[in-house]
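Student: Sharing a structure with you now.
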Amino acid sequence: MRVLGFDPGTATTGYGVVEGKGNKLTHIAHGVITTPAGDHFAERLETIYNEVVDLIKLHAPQAIAIEELFFTKNVTSGITVAQARGVIALAASQSGLPIGEFSPREMKNAVAGYGKADKKQVQEMVKILLNLDSLPKPDDAADALGIAICQIHAGHFKAVTER
């Protein structure tokens, strides 16, 4: 199964593509989608949407995995992350792809074996699991790879059923 994972954000959205076959995980690609701070929020969301559509076309995933919204104090940043999640989910749905959602804790547990792992631990474990030569950077892309790995390990979808 090929999964395109996302760590959503309005300024920076991390993405990672992982292929899973049995116990074997293969790194396909990772990176970030960035939007200019001066752009209107609608333009930023359009950029994210268009880039996600392009990534789906380029990598032909069989599923999308998105990190669930998590925030404690800053409601404003939570709202912007939710908007980014929305356009990612829209692009996936319009492409007919099932969507899995995982909390940061679920991803950290699946990748590092500890739900409170820090960013460096996640990067290290993603590097090991995908047999990479160096740490995946930036953090957003490493988290997106972790979300994709989480989906491969879970094998089921909490959000949208397969079509």
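Order determines the names: the first chain of the structure tokens is A, the second B, and so forth; residues in each chain are numbered 1 upward, and ligands are numbered 1 upward as they are shown.
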Which polymer residues have any atom within 10 Å of an atom of A:Val17, counting only C-alpha atoms, with same-chain residues fewer than 6 positions away left out, as number ranges by chain?

Tutor: A: 2-6, 26-31, 55-56, 59-61, 64-65, 141, 144-149

Student: As number ranges by chain, please: the residues near stretch 21-25 of chain A (cut-off 12 Å, only C-alpha atoms, same-chain neighbours under 5 positions excluded).

Tutor: A: 1-3, 111, 126-132, 145-146, 148-153, 155

Student: May I have the selected residues written with N, CA, C and O atoms, as a compact mmCIF listing (two decimals), in the first residue's frame?

Tutor:
# COMPACT_ATOMS: atom_id res chain seq x y z
N MET A 1 0.84 -1.18 0.00
CA MET A 1 0.00 0.00 0.00
C MET A 1 0.88 1.24 0.00
O MET A 1 1.81 1.34 0.79
N ARG A 2 0.58 2.16 -0.87
CA ARG A 2 1.31 3.43 -0.92
C ARG A 2 0.44 4.49 -0.24
O ARG A 2 -0.71 4.68 -0.60
N VAL A 3 1.03 5.17 0.75
CA VAL A 3 0.30 6.17 1.53
C VAL A 3 1.02 7.51 1.44
O VAL A 3 2.24 7.59 1.56
N VAL A 111 5.62 4.94 15.63
CA VAL A 111 6.95 5.11 15.06
C VAL A 111 8.06 4.90 16.10
O VAL A 111 9.03 4.20 15.84
N VAL A 126 12.06 7.36 12.19
CA VAL A 126 11.64 7.37 10.79
C VAL A 126 12.84 7.04 9.91
O VAL A 126 12.74 6.25 8.97
N LYS A 127 14.00 7.61 10.23
CA LYS A 127 15.23 7.31 9.49
C LYS A 127 15.52 5.81 9.52
O LYS A 127 15.83 5.20 8.49
N ILE A 128 15.42 5.21 10.70
CA ILE A 128 15.70 3.78 10.85
C ILE A 128 14.66 2.93 10.12
O ILE A 128 15.02 2.02 9.36
N LEU A 129 13.37 3.24 10.34
CA LEU A 129 12.31 2.44 9.73
C LEU A 129 12.33 2.48 8.20
O LEU A 129 11.99 1.50 7.54
N LEU A 130 12.74 3.63 7.65
CA LEU A 130 12.75 3.78 6.19
C LEU A 130 14.14 3.60 5.59
O LEU A 130 14.34 3.80 4.39
N ASN A 131 15.12 3.23 6.44
CA ASN A 131 16.48 2.98 5.99
C ASN A 131 17.05 4.18 5.20
O ASN A 131 17.64 4.02 4.13
N LEU A 132 16.87 5.38 5.78
CA LEU A 132 17.36 6.59 5.14
C LEU A 132 18.81 6.85 5.53
O LEU A 132 19.26 6.44 6.60
N LEU A 145 5.90 11.63 7.26
CA LEU A 145 6.33 10.26 7.00
C LEU A 145 5.85 9.34 8.12
O LEU A 145 5.40 8.22 7.87
N GLY A 146 5.93 9.82 9.36
CA GLY A 146 5.44 9.05 10.50
C GLY A 146 3.95 8.78 10.42
O GLY A 146 3.49 7.67 10.73
N ALA A 148 2.23 8.57 7.62
CA ALA A 148 2.06 7.57 6.56
C ALA A 148 2.39 6.17 7.10
O ALA A 148 1.66 5.20 6.82
N ILE A 149 3.47 6.06 7.87
CA ILE A 149 3.84 4.77 8.46
C ILE A 149 2.73 4.29 9.39
O ILE A 149 2.36 3.11 9.39
N CYS A 150 2.18 5.20 10.17
CA CYS A 150 1.09 4.87 11.09
C CYS A 150 -0.10 4.28 10.32
O CYS A 150 -0.68 3.28 10.74
N GLN A 151 -0.43 4.87 9.19
CA GLN A 151 -1.55 4.37 8.37
C GLN A 151 -1.24 2.98 7.83
O GLN A 151 -2.10 2.10 7.84
N ILE A 152 -0.03 2.76 7.39
CA ILE A 152 0.34 1.45 6.87
C ILE A 152 0.23 0.39 7.96
O ILE A 152 -0.32 -0.68 7.73
N HIS A 153 0.69 0.73 9.15
CA HIS A 153 0.62 -0.22 10.26
C HIS A 153 -0.83 -0.46 10.69
O HIS A 153 -1.19 -1.59 11.03
N GLY A 155 -3.66 -0.08 8.84
CA GLY A 155 -4.36 -0.81 7.80
C GLY A 155 -5.85 -0.51 7.66
O GLY A 155 -6.48 -0.93 6.72

Student: Might you pull out every residue within 9 Å of A:Asp143, with only C-alpha atoms counted and same-chain residues fewer than 3 positions away left off, and present them as an MDAnalysis selection string?

Tutor: chainID A and resid 5:7 14:16 67 104 107:108 119 122:123 126 138:140 146:148

Student: Of the candidates A:Ser134, A:Ser103, A:Gln62, A:Thr34, which shows the shortest atom-to-atom distance to A:Ala11, using only C-alpha atoms?

Tutor: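 Of A:Ser134, A:Ser103, A:Gln62, A:Thr34, the one nearest A:Ala11 is A:Thr34, counting only C-alpha atoms.
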
Student: DSSP on the backbone, then: every residue of chain A marked strand (DSSP E or B), written as JSON, numbers by chain.

Tutor: {"A": [2, 3, 4, 5, 6, 7, 12, 13, 14, 15, 16, 17, 18, 19, 20, 21, 24, 25, 26, 27, 28, 29, 30, 31, 32, 33, 34, 63, 64, 65, 66, 67, 99, 100, 101, 102]}

Student: Let me make sure I understand: among A:Met125, A:Ala42, A:Ala89, A:Ile79, which one has the smallest atom-to-atom distance to A:Ala112 if we use only C-alpha atoms?

Tutor: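 Looking only at the distances to A:Ala112, the closest residue turns out to be A:Met125.
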
Student: Can you tell me, as JSON, numbers by chain, which residues in chain A count as helix (DSSP H, G or I) by DSSP?

Tutor: {"A": [41, 42, 43, 44, 45, 46, 47, 48, 49, 50, 51, 52, 53, 54, 55, 56, 57, 58, 59, 75, 76, 77, 78, 79, 80, 81, 82, 83, 84, 85, 86, 87, 88, 89, 90, 91, 92, 93, 94, 104, 105, 106, 107, 108, 109, 110, 111, 112, 119, 120, 121, 122, 123, 124, 125, 126, 127, 128, 129, 139, 140, 141, 142, 143, 144, 145, 146, 147, 148, 149, 150, 151, 152, 153, 154]}

Student: Store the residues of this selection in a file with C-alpha atoms, as a compact mmCIF listing (two decimals), in the first residue's frame.

Tutor:
# COMPACT_ATOMS: atom_id res chain seq x y z
CA PHE A 41 -5.63 32.90 4.00
CA ALA A 42 -7.77 31.86 1.02
CA GLU A 43 -4.75 32.07 -1.30
CA ARG A 44 -2.70 30.03 1.15
CA LEU A 45 -5.39 27.33 1.28
CA GLU A 46 -5.63 27.31 -2.51
CA THR A 47 -1.86 26.79 -2.74
CA ILE A 48 -2.03 23.88 -0.29
CA TYR A 49 -4.96 22.34 -2.16
CA ASN A 50 -3.27 22.63 -5.57
CA GLU A 51 0.01 21.18 -4.26
CA VAL A 52 -1.83 18.26 -2.63
CA VAL A 53 -3.66 17.53 -5.90
CA ASP A 54 -0.30 17.59 -7.72
CA LEU A 55 1.27 15.24 -5.13
CA ILE A 56 -1.64 12.82 -5.51
CA LYS A 57 -1.21 12.83 -9.30
CA LEU A 58 2.58 12.45 -9.05
CA HIS A 59 2.76 9.67 -6.45
CA VAL A 75 -7.16 28.37 19.36
CA THR A 76 -6.28 30.67 16.44
CA SER A 77 -3.46 28.42 15.22
CA GLY A 78 -5.76 25.42 15.72
CA ILE A 79 -8.31 26.98 13.41
CA THR A 80 -5.76 27.60 10.66
CA VAL A 81 -4.45 24.03 10.95
CA ALA A 82 -8.06 22.81 10.70
CA GLN A 83 -8.49 24.80 7.50
CA ALA A 84 -5.36 23.21 6.02
CA ARG A 85 -6.65 19.76 7.07
CA GLY A 86 -9.91 20.56 5.31
CA VAL A 87 -8.37 21.30 1.94
CA ILE A 88 -6.16 18.21 2.19
CA ALA A 89 -9.22 16.07 2.96
CA LEU A 90 -11.13 17.71 0.09
CA ALA A 91 -8.35 16.91 -2.39
CA ALA A 92 -8.23 13.31 -1.15
CA SER A 93 -12.00 12.90 -1.31
CA GLN A 94 -12.19 14.37 -4.81
CA PRO A 104 0.32 13.01 17.20
CA ARG A 105 0.42 10.57 20.12
CA GLU A 106 -0.74 7.64 17.95
CA MET A 107 1.92 8.46 15.35
CA LYS A 108 4.69 8.79 17.94
CA ASN A 109 3.65 5.50 19.52
CA ALA A 110 3.59 3.71 16.15
CA VAL A 111 6.95 5.11 15.06
CA ALA A 112 8.97 5.52 18.25
CA LYS A 119 10.78 15.58 17.40
CA LYS A 120 14.35 14.25 17.33
CA GLN A 121 13.24 10.76 18.44
CA VAL A 122 10.58 10.70 15.71
CA GLN A 123 13.14 11.76 13.09
CA GLU A 124 15.60 9.09 14.27
CA MET A 125 13.01 6.31 14.18
CA VAL A 126 11.64 7.37 10.79
CA LYS A 127 15.23 7.31 9.49
CA ILE A 128 15.70 3.78 10.85
CA LEU A 129 12.31 2.44 9.73
CA ASP A 139 10.27 18.21 11.29
CA ASP A 140 6.99 18.64 9.41
CA ALA A 141 8.12 16.22 6.69
CA ALA A 142 9.40 13.70 9.26
CA ASP A 143 6.02 13.85 11.03
CA ALA A 144 4.23 13.35 7.71
CA LEU A 145 6.33 10.26 7.00
CA GLY A 146 5.44 9.05 10.50
CA ILE A 147 1.73 9.59 9.80
CA ALA A 148 2.06 7.57 6.56
CA ILE A 149 3.84 4.77 8.46
CA CYS A 150 1.09 4.87 11.09
CA GLN A 151 -1.55 4.37 8.37
CA ILE A 152 0.34 1.45 6.87
CA HIS A 153 0.62 -0.22 10.26
CA ALA A 154 -3.05 0.44 11.12

Student: Hey, which of A:Gly113, A:Gly38, A:Gly20, A:Gly100 ends up closest to A:Glu68? Count only C-alpha atoms.

Tutor: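 Of all the options, A:Gly100 lies closest to A:Glu68.
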
Student: Under the rule that only C-alpha atoms are counted, which of A:Ile33, A:Ala117, A:Ile99, A:Ala63 is the nearest residue to A:Thr12?

Tutor: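 The closest residue to A:Thr12 is A:Ile33.
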
Student: Could you jot down the atom CA of A:Ile66 to atom CA of A:Val18 separation for me, Å, one decimal place?

Tutor: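 Answer for the atom CA of A:Ile66 to atom CA of A:Val18 separation: 13.4 Å.
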